[in-house]
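Q: What follows is a structure written as C-alpha cells; I'll ask about it next.
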Amino acid sequence: MSLVRRVARQNQTMLMKTGSYYLIHICVAALVAYAVTGNLWASLTLSLLEPTVQAVAFFFHEKAWDQAGQRVVTQGV
C-alpha cells in the first residue's frame with residue numbers, strides 16, 4: 001500500500017473534519033472578502049488561497065494535539 005493511502009486511512013476522520021472545516025472556511029472567507037473589497041474575483045481568489053493554507057495548518061495542528069493527548073494517557077498525567 002502506498003504511503004499516501006496508508007496515511008489517509010489512518011487519518012480518515014481527521015481528514016474528513018479538515019475537509020468540512022475547509023468548505024466552511026471558504027464560504028466565510030468569500031463573504032468577508034467580498035464585503036471588504038466589493039470585488040467578486042478578488043474575494044474568490046482570497047477565499048480559495050487563505051483557507052487552503054489554513055486547512056493544511058489545521059490538519060497538522062490536530063495531529064500535534066492527538067499526539068500530545070496520547071502522551072498524557074501513556075504517562076498517566
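Following the order of the C-alpha cells, chains are lettered A, B, ..., residues in each are numbered from 1, and ligands are numbered from 1.
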Counting only C-alpha atoms, which residues of region 4-65 of chain A sit at most 10 Å from some atom of region 69-76 of chain A, and what is each one's closest atom pair with its distance in Å to one decimal, listed by chain and rising residue number, as CSV?

A:
```
residue,atom,partner,partner_atom,distance
A:Lys63,CA,A:Gly69,CA,9.9
A:Ala64,CA,A:Gly69,CA,8.6
A:Trp65,CA,A:Gly69,CA,6.1
```

Q: Contacts of Tyr21 (chain A) at 12 Å or less, counting only C-alpha atoms, minus same-chain residues fewer than 2 places along, as a VMD selection string?

A: chain A and resid 14 to 19 23 to 29 51 to 52 54 to 59

Q: So the first atom is CA of His61 (chain A) and the second is CA of Leu3 (chain A); what is the distance between them in Å, to one decimal place?

A: 20.4 Å

Q: To one decimal place in Å, what is the distance between CA of Gln67 (chain A) and CA of Val4 (chain A)?

A: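 Rounded to one decimal, the two atoms are 19.6 Å apart.
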
Q: Any idea what's packed within 8 Å of region 42-46 of chain A, counting only C-alpha atoms, ignoring anything in its chain fewer than 4 positions away? Could you give it as a list in words?

A: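 Surrounding residues, per the criterion: Ala29, Ala30, Leu31, Val32, Ala33, Tyr34, Thr37, Gly38 and Glu50 of chain A.
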
Q: What does the structure give for the distance between CA of Ala68 (chain A) and CA of Leu49 (chain A), in Å to one decimal?

A: 29.3 Å
